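Structure file final-v7.txt (compact mmCIF, C-alpha atoms) is printed below.
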```txt
# COMPACT_ATOMS: atom_id res chain seq x y z
CA MET Q 1 -120.05 -134.95 -61.67
CA ALA Q 2 -120.36 -138.53 -62.97
CA GLU Q 3 -121.73 -141.20 -60.65
CA PRO Q 4 -118.84 -142.97 -58.84
CA LEU Q 5 -117.92 -146.43 -60.04
CA TYR Q 6 -118.50 -147.98 -56.62
CA ARG Q 7 -122.17 -147.07 -57.12
CA THR Q 8 -122.68 -147.69 -60.84
CA ALA Q 9 -120.53 -150.85 -60.96
CA PRO Q 10 -120.22 -152.25 -57.42
CA TYR Q 11 -118.90 -155.59 -58.72
CA GLN Q 12 -116.04 -154.03 -60.71
CA ARG Q 13 -112.69 -154.97 -59.17
CA GLU Q 14 -110.28 -152.72 -61.07
CA ALA Q 15 -110.49 -149.57 -63.18
CA LEU Q 16 -108.31 -147.01 -64.90
CA ALA Q 17 -108.28 -143.48 -63.52
CA ARG Q 18 -106.19 -140.33 -63.58
CA VAL Q 19 -104.75 -138.59 -60.53
CA ARG Q 20 -106.44 -135.22 -60.22
CA ALA Q 21 -104.85 -133.94 -57.00
CA LEU Q 22 -102.69 -134.79 -54.00
CA GLY Q 23 -103.73 -133.41 -50.64
CA PRO Q 24 -101.44 -131.94 -47.97
CA ASP Q 25 -102.05 -135.09 -45.88
CA ARG Q 26 -100.97 -137.32 -48.83
CA GLY Q 27 -104.55 -138.07 -49.83
CA ILE Q 28 -104.95 -139.07 -53.50
CA VAL Q 29 -107.92 -137.82 -55.53
CA CYS Q 30 -108.67 -139.45 -58.88
CA ASP Q 31 -111.13 -138.40 -61.58
CA VAL Q 32 -113.19 -141.56 -60.94
CA SER Q 33 -113.25 -143.88 -57.95
CA ILE Q 34 -113.85 -147.59 -57.60
CA PHE Q 35 -113.30 -147.20 -53.82
CA TYR Q 36 -116.26 -146.59 -51.51
CA PRO Q 37 -115.54 -143.77 -49.01
CA THR Q 38 -116.31 -144.27 -45.32
CA GLY Q 39 -119.89 -143.30 -44.54
CA GLY Q 40 -123.25 -144.51 -43.26
CA GLY Q 41 -121.64 -147.06 -40.96
CA GLN Q 42 -119.78 -148.72 -43.86
CA PRO Q 43 -115.94 -148.62 -43.83
CA GLY Q 44 -114.00 -147.20 -46.73
CA ASP Q 45 -112.61 -149.66 -49.27
CA SER Q 46 -108.96 -150.68 -49.41
CA GLY Q 47 -106.74 -152.00 -52.18
CA ALA Q 48 -103.94 -150.51 -54.26
CA LEU Q 49 -103.00 -148.10 -57.04
CA ARG Q 50 -100.56 -149.13 -59.74
CA TRP Q 51 -98.93 -146.89 -62.35
CA GLN Q 52 -95.94 -146.99 -64.63
CA GLY Q 53 -92.95 -147.16 -62.33
CA GLY Q 54 -94.74 -147.58 -59.03
CA SER Q 55 -97.57 -148.74 -56.83
CA VAL Q 56 -99.05 -147.87 -53.45
CA ALA Q 57 -101.38 -149.61 -51.03
CA VAL Q 58 -104.68 -147.83 -50.32
CA THR Q 59 -105.59 -148.35 -46.66
CA THR Q 60 -109.03 -146.71 -46.83
CA ALA Q 61 -111.07 -144.06 -48.63
CA VAL Q 62 -112.82 -141.03 -47.15
CA LYS Q 63 -115.06 -138.24 -48.38
CA GLY Q 64 -113.44 -134.98 -49.45
CA GLU Q 65 -114.67 -131.58 -50.56
CA GLY Q 66 -117.18 -131.33 -53.36
CA GLY Q 67 -118.02 -135.03 -53.27
CA ALA Q 68 -114.46 -136.12 -54.03
CA VAL Q 69 -113.24 -139.53 -52.85
CA VAL Q 70 -109.86 -139.23 -51.12
CA LEU Q 71 -107.71 -142.37 -51.11
CA VAL Q 72 -105.53 -142.74 -48.01
CA PRO Q 73 -102.20 -144.32 -48.99
CA ASP Q 74 -99.74 -146.38 -47.02
CA ALA Q 75 -97.77 -143.90 -44.93
CA ALA Q 76 -94.31 -144.92 -46.15
CA ALA Q 77 -94.92 -145.35 -49.89
CA ALA Q 78 -94.20 -142.99 -52.77
CA LEU Q 79 -97.23 -141.36 -54.41
CA PRO Q 80 -98.18 -141.17 -58.08
CA PRO Q 81 -97.68 -137.74 -59.69
CA VAL Q 82 -100.66 -135.53 -60.49
CA GLY Q 83 -101.86 -136.36 -63.99
CA ALA Q 84 -100.58 -139.94 -63.93
CA GLU Q 85 -102.81 -142.72 -65.23
CA VAL Q 86 -103.32 -145.32 -62.52
CA THR Q 87 -105.03 -148.68 -62.23
CA GLN Q 88 -107.26 -148.90 -59.18
CA LEU Q 89 -107.21 -152.39 -57.66
CA LEU Q 90 -109.95 -153.15 -55.13
CA ASP Q 91 -109.59 -155.53 -52.19
CA TRP Q 92 -112.59 -157.43 -53.49
CA ASP Q 93 -112.94 -160.00 -50.72
CA ARG Q 94 -113.24 -157.24 -48.12
CA ARG Q 95 -115.64 -155.17 -50.25
CA HIS Q 96 -117.86 -158.16 -50.98
CA ALA Q 97 -118.00 -159.01 -47.27
CA HIS Q 98 -119.15 -155.44 -46.59
CA MET Q 99 -121.83 -155.79 -49.28
CA ARG Q 100 -123.11 -159.05 -47.82
CA VAL Q 101 -123.20 -157.71 -44.26
CA HIS Q 102 -124.82 -154.42 -45.32
CA THR Q 103 -127.67 -156.14 -47.15
CA ALA Q 104 -128.13 -158.59 -44.28
CA LEU Q 105 -128.51 -155.66 -41.86
CA HIS Q 106 -131.26 -154.22 -44.05
CA LEU Q 107 -133.06 -157.55 -43.68
CA LEU Q 108 -132.48 -157.48 -39.93
CA SER Q 109 -134.25 -154.11 -39.84
CA VAL Q 110 -137.20 -155.78 -41.57
CA VAL Q 111 -137.42 -158.65 -39.08
CA ILE Q 112 -137.01 -156.27 -36.12
CA ALA Q 113 -139.39 -153.51 -37.15
CA LEU Q 114 -138.21 -150.90 -34.64
CA PRO Q 115 -136.42 -147.54 -35.07
CA VAL Q 116 -132.67 -147.96 -35.67
CA THR Q 117 -130.46 -145.84 -33.42
CA GLY Q 118 -127.06 -146.85 -34.77
CA GLY Q 119 -125.17 -149.39 -36.79
CA GLN Q 120 -121.79 -150.58 -38.00
CA ILE Q 121 -120.69 -152.76 -40.93
CA GLY Q 122 -117.58 -154.93 -40.88
CA ALA Q 123 -115.97 -157.55 -43.08
CA GLY Q 124 -117.87 -160.58 -41.84
CA LYS Q 125 -120.01 -159.10 -39.11
CA GLY Q 126 -122.06 -156.04 -38.26
CA ARG Q 127 -124.63 -154.73 -35.82
CA LEU Q 128 -127.71 -152.55 -35.50
CA ASP Q 129 -128.86 -150.70 -32.40
CA PHE Q 130 -132.62 -150.47 -31.91
CA ASN Q 131 -134.96 -148.43 -29.78
CA MET Q 132 -136.08 -151.66 -28.10
CA PRO Q 133 -137.63 -151.34 -24.61
CA GLU Q 134 -137.70 -155.11 -24.08
CA PRO Q 135 -135.46 -157.82 -25.58
CA PRO Q 136 -137.09 -160.22 -28.06
CA ALA Q 137 -138.53 -163.36 -26.55
CA ASP Q 138 -137.10 -165.71 -29.19
CA LEU Q 139 -133.78 -164.74 -30.79
CA ALA Q 140 -133.58 -168.05 -32.67
CA ALA Q 141 -136.90 -167.27 -34.38
CA LEU Q 142 -135.57 -163.88 -35.52
CA GLU Q 143 -132.44 -165.54 -36.91
CA ALA Q 144 -134.62 -168.03 -38.79
CA GLU Q 145 -136.68 -165.17 -40.26
CA VAL Q 146 -133.58 -163.36 -41.54
CA ASN Q 147 -132.21 -166.55 -43.09
CA ALA Q 148 -135.57 -167.28 -44.71
CA LEU Q 149 -135.50 -163.89 -46.43
CA ILE Q 150 -131.90 -164.52 -47.55
CA ALA Q 151 -132.86 -167.91 -48.97
CA ARG Q 152 -135.58 -166.33 -51.13
CA ASP Q 153 -132.76 -164.83 -53.24
CA LEU Q 154 -134.59 -161.52 -53.50
CA ALA Q 155 -133.39 -158.88 -55.95
CA VAL Q 156 -131.63 -155.84 -54.47
CA THR Q 157 -131.96 -152.73 -56.63
CA GLU Q 158 -131.48 -148.98 -56.42
CA HIS Q 159 -134.07 -146.31 -57.13
CA TRP Q 160 -133.97 -142.53 -56.91
CA ILE Q 161 -136.49 -140.03 -55.58
CA THR Q 162 -136.32 -136.29 -55.02
CA ASP Q 163 -135.61 -134.66 -51.67
CA ALA Q 164 -139.21 -133.44 -51.70
CA GLU Q 165 -140.52 -136.97 -52.21
CA LEU Q 166 -138.48 -138.17 -49.25
CA ALA Q 167 -139.77 -135.32 -47.09
CA ALA Q 168 -143.31 -136.35 -48.05
CA ASN Q 169 -142.59 -139.99 -47.06
CA PRO Q 170 -140.74 -139.83 -43.71
CA GLY Q 171 -141.64 -143.45 -43.01
CA LEU Q 172 -138.93 -144.51 -45.47
CA VAL Q 173 -136.27 -143.43 -42.97
CA LYS Q 174 -135.52 -146.12 -40.36
CA THR Q 175 -132.40 -144.63 -38.81
CA LEU Q 176 -132.65 -142.11 -35.98
CA SER Q 177 -128.89 -141.50 -35.66
CA VAL Q 178 -127.84 -141.05 -39.30
CA ALA Q 179 -129.65 -138.68 -41.65
CA PRO Q 180 -130.39 -140.07 -45.12
CA PRO Q 181 -128.09 -138.92 -47.96
CA ALA Q 182 -130.27 -135.94 -48.96
CA GLY Q 183 -129.42 -132.37 -49.95
CA GLN Q 184 -128.28 -133.05 -53.50
CA GLY Q 185 -131.75 -132.79 -55.00
CA ARG Q 186 -132.30 -136.53 -55.10
CA VAL Q 187 -132.00 -139.49 -52.73
CA ARG Q 188 -130.97 -143.06 -53.45
CA LEU Q 189 -133.23 -145.82 -52.18
CA ILE Q 190 -132.35 -149.50 -51.86
CA ARG Q 191 -135.22 -151.89 -52.54
CA ILE Q 192 -135.22 -155.56 -51.55
CA GLY Q 193 -137.79 -157.51 -53.52
CA THR Q 194 -139.93 -156.10 -56.31
CA ALA Q 195 -142.32 -153.16 -56.48
CA THR Q 196 -145.24 -155.57 -56.18
CA GLU Q 197 -143.61 -157.91 -53.63
CA GLN Q 198 -141.43 -155.48 -51.71
CA VAL Q 199 -139.64 -156.59 -48.54
CA ASP Q 200 -137.76 -153.37 -47.78
CA LEU Q 201 -137.24 -149.88 -49.18
CA GLN Q 202 -135.06 -147.29 -47.44
CA PRO Q 203 -132.54 -144.51 -48.20
CA CYS Q 204 -128.96 -145.79 -48.41
CA GLY Q 205 -125.74 -144.71 -50.08
CA GLY Q 206 -123.76 -147.90 -49.48
CA THR Q 207 -122.88 -150.94 -51.57
CA HIS Q 208 -125.06 -154.06 -51.66
CA VAL Q 209 -125.20 -157.51 -53.23
CA ALA Q 210 -127.47 -157.95 -56.25
CA HIS Q 211 -129.51 -160.78 -54.70
CA THR Q 212 -129.96 -161.78 -51.07
CA GLY Q 213 -128.83 -165.35 -51.78
CA GLU Q 214 -125.27 -164.01 -52.07
CA ILE Q 215 -125.27 -163.23 -48.36
CA GLY Q 216 -125.34 -166.86 -47.27
CA ALA Q 217 -126.54 -168.01 -43.88
CA VAL Q 218 -126.09 -165.63 -40.95
CA ARG Q 219 -126.02 -165.96 -37.18
CA LEU Q 220 -127.37 -163.46 -34.66
CA GLY Q 221 -125.41 -162.75 -31.50
CA LYS Q 222 -126.79 -162.10 -28.06
CA ILE Q 223 -128.79 -158.94 -27.43
CA GLU Q 224 -126.72 -156.28 -25.63
CA ASN Q 225 -128.33 -153.61 -23.48
CA LYS Q 226 -126.51 -150.36 -24.34
CA ARG Q 227 -128.75 -147.72 -22.77
CA ARG Q 228 -132.25 -147.47 -21.45
CA GLN Q 229 -134.52 -148.78 -24.22
CA ASN Q 230 -131.50 -149.15 -26.55
CA ARG Q 231 -130.38 -152.66 -27.46
CA ARG Q 232 -127.71 -153.92 -29.86
CA VAL Q 233 -128.19 -156.89 -32.15
CA SER Q 234 -125.06 -158.34 -33.77
CA LEU Q 235 -125.03 -160.35 -36.99
CA GLU Q 236 -122.26 -162.56 -38.37
CA LEU Q 237 -121.85 -164.20 -41.76
CA GLY Q 238 -121.90 -168.00 -41.62
```
Taking this structure as input, can you express it in the form of structure tokens?
Amino acid sequence: MAEPLYRTAPYQREALARVRALGPDRGIVCDVSIFYPTGGGQPGDSGALRWQGGSVAVTTAVKGEGGAVVLVPDAAAALPPVGAEVTQLLDWDRRHAHMRVHTALHLLSVVIALPVTGGQIGAGKGRLDFNMPEPPADLAALEAEVNALIARDLAVTEHWITDAELAANPGLVKTLSVAPPAGQGRVRLIRIGTATEQVDLQPCGGTHVAHTGEIGAVRLGKIENKRRQNRRVSLELG
């Protein structure tokens, strides 16, 4: 199966596709997808499909069988017929906000070098939960460190390794609650910085900005105590 467009061309805002199937719950499956499906703490993309004689709003996208991306349509709208050529139109502002927040959270995991126990990405804000016995002494200093990394305008690139290579390097995995996207024979890594001046490298299947400068300044919220030794750090785009 070809790599999905949301991965190979994350900045592409529209694309032609053909409807391959309609599910019993009105889910639409196309032969290619510009829409990212919900996963890894990142929400599914939204937007619209347009075809000759009709259009439908896409409220989100989810993962289906065999790696398919299932588009969830507006409940009241008519659906395109199987075989129809459609134009996929992405809600770009929402997607780009997800990309900015997602990359910023990777940087947060660099500044707070503790195991990650959970996380969530939103359009404008997000959060990471850490195995953190004691709260940080200086939250403002952590915020300044994240913003300093953003200001360096570091390159954000993808790289692939085998499942065996990941198993031999367990230190690449920061998350305790979400397993890395393995099991397909290879694993996608997101690198921030260069191979010689690397800031971060970890498994990730989500969408990211191309350079950290795109994120813009961020603010950190107060530290929330969720469970014993588990603390939540929120981040908001400026």
Within-12 Å shell of (-112.9, -158.9, -41.1) in input frame, all atoms listed in the file, as JSON, numbers by chain: {"Q": [43, 93, 94, 95, 96, 97, 98, 101, 121, 122, 123, 124, 125, 126, 236, 237]}
Interatomic distance (Å, one decimal) between atom CA of Arg20 of chain Q and atom CA of Arg186 of chain Q: 26.4 Å
How close does segment 67-151 of chain Q get to segment 213-217 of chain Q? List, as CSV, each residue of segment 67-151 of chain Q within 12 Å, its nearest atom pair and the distance in Å to one decimal, counting only C-alpha atoms.
```
residue,atom,partner,partner_atom,distance
Q:His96,CA,Q:Ile215,CA,9.4
Q:Ala97,CA,Q:Ile215,CA,8.5
Q:His98,CA,Q:Ile215,CA,10.1
Q:Met99,CA,Q:Ile215,CA,8.2
Q:Arg100,CA,Q:Ile215,CA,4.7
Q:Val101,CA,Q:Ile215,CA,7.2
Q:His102,CA,Q:Ile215,CA,9.3
Q:Thr103,CA,Q:Ile215,CA,7.6
Q:Ala104,CA,Q:Ile215,CA,6.8
Q:Leu105,CA,Q:Ile215,CA,10.5
Q:His106,CA,Q:Ile215,CA,11.6
Q:Leu107,CA,Q:Ile215,CA,10.7
Q:Gly124,CA,Q:Ile215,CA,10.2
Q:Lys125,CA,Q:Ile215,CA,11.4
Q:Glu143,CA,Q:Ala217,CA,9.5
Q:Ala144,CA,Q:Ala217,CA,9.5
Q:Glu145,CA,Q:Ala217,CA,11.1
Q:Val146,CA,Q:Ala217,CA,8.8
Q:Asn147,CA,Q:Ala217,CA,5.9
Q:Ala148,CA,Q:Ala217,CA,9.1
Q:Leu149,CA,Q:Gly213,CA,8.7
Q:Ile150,CA,Q:Gly213,CA,5.3
Q:Ala151,CA,Q:Gly213,CA,5.5
```
Using the selection just defined, write its residues with C-alpha atoms as a compact mmCIF listing (two decimals), in the frame of the given file.
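Wrote it out as again_6.txt, contents follow:
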```txt
# COMPACT_ATOMS: atom_id res chain seq x y z
CA HIS Q 96 -117.86 -158.16 -50.98
CA ALA Q 97 -118.00 -159.01 -47.27
CA HIS Q 98 -119.15 -155.44 -46.59
CA MET Q 99 -121.83 -155.79 -49.28
CA ARG Q 100 -123.11 -159.05 -47.82
CA VAL Q 101 -123.20 -157.71 -44.26
CA HIS Q 102 -124.82 -154.42 -45.32
CA THR Q 103 -127.67 -156.14 -47.15
CA ALA Q 104 -128.13 -158.59 -44.28
CA LEU Q 105 -128.51 -155.66 -41.86
CA HIS Q 106 -131.26 -154.22 -44.05
CA LEU Q 107 -133.06 -157.55 -43.68
CA GLY Q 124 -117.87 -160.58 -41.84
CA LYS Q 125 -120.01 -159.10 -39.11
CA GLU Q 143 -132.44 -165.54 -36.91
CA ALA Q 144 -134.62 -168.03 -38.79
CA GLU Q 145 -136.68 -165.17 -40.26
CA VAL Q 146 -133.58 -163.36 -41.54
CA ASN Q 147 -132.21 -166.55 -43.09
CA ALA Q 148 -135.57 -167.28 -44.71
CA LEU Q 149 -135.50 -163.89 -46.43
CA ILE Q 150 -131.90 -164.52 -47.55
CA ALA Q 151 -132.86 -167.91 -48.97
```
For Ile192 of chain Q: contacts at 6 Å, only C-alpha atoms, fewer than 3 positions along chain excluded, given as number ranges by chain: Q: 155-156, 199-200
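Taking only C-alpha atoms into account, Val233 of chain Q lies nearest to Q:Phe130 out of the set Q:Leu189, Q:Phe130, Q:Cys204, Q:Thr162.
Picture a line from atom CA of Gly66 of chain Q to atom CA of Gln184 of chain Q; it runs 11.2 Å.
Relative to atom CA of Pro24 of chain Q, atom CA of Val58 of chain Q is found at 16.4 Å.
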For Leu166 of chain Q, the nearest of the candidates Q:Leu90, Q:Met132, Q:Leu201, Q:Ile28, counting only C-alpha atoms: Q:Leu201
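Look at Gly23 of chain Q: the protein and nucleic acid residues within 12 Å of it, using all atoms listed in the file and passing over chain neighbours fewer than 5 places away, are Ile28, Val29, Cys30, Gly64, Glu65, Ala68, Val69, Val70, Leu71, Val72, Pro73, Leu79, Pro81 and Val82 of chain Q.
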All residues 9 Å or closer to Trp92 of chain Q, all atoms listed in the file, same chain fewer than 3 positions away omitted, as a PyMOL selection string: chain Q and resi 11-13+45-47+89+95-97
Serialized selection, C-alpha atoms, as an mmCIF file, keeping the file's coordinate frame:
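Saved to out.cif:
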```
data_model
loop_
_atom_site.group_PDB
_atom_site.id
_atom_site.type_symbol
_atom_site.label_atom_id
_atom_site.label_comp_id
_atom_site.auth_asym_id
_atom_site.auth_seq_id
_atom_site.Cartn_x
_atom_site.Cartn_y
_atom_site.Cartn_z
ATOM 1 C CA TYR Q 11 -118.900 -155.590 -58.720
ATOM 2 C CA GLN Q 12 -116.040 -154.030 -60.710
ATOM 3 C CA ARG Q 13 -112.690 -154.970 -59.170
ATOM 4 C CA ASP Q 45 -112.610 -149.660 -49.270
ATOM 5 C CA SER Q 46 -108.960 -150.680 -49.410
ATOM 6 C CA GLY Q 47 -106.740 -152.000 -52.180
ATOM 7 C CA LEU Q 89 -107.210 -152.390 -57.660
ATOM 8 C CA ARG Q 95 -115.640 -155.170 -50.250
ATOM 9 C CA HIS Q 96 -117.860 -158.160 -50.980
ATOM 10 C CA ALA Q 97 -118.000 -159.010 -47.270
#
```
Residues within 9 Å of Asn131 of chain Q, all atoms listed in the file, excluding chain neighbours under 6 positions, as a ChimeraX atom specification: /Q:114-117,228-231
Padding 6 Å on every side, please: axis-aligned box over the listed atoms of segment 79-92 of chain Q, centre and edge lengths to one decimal in Å, as lines of an AutoDock Vina configuration file.
```
center_x = -104.9
center_y = -146.5
center_z = -58.7
size_x = 27.4
size_y = 33.9
size_z = 25.0
```
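With distances taken over all atoms listed in the file, Q:Ala15 is the one residue among Q:Ala15, Q:Ala21, Q:Asp74, Q:Arg26 lying closest to Trp51 of chain Q.
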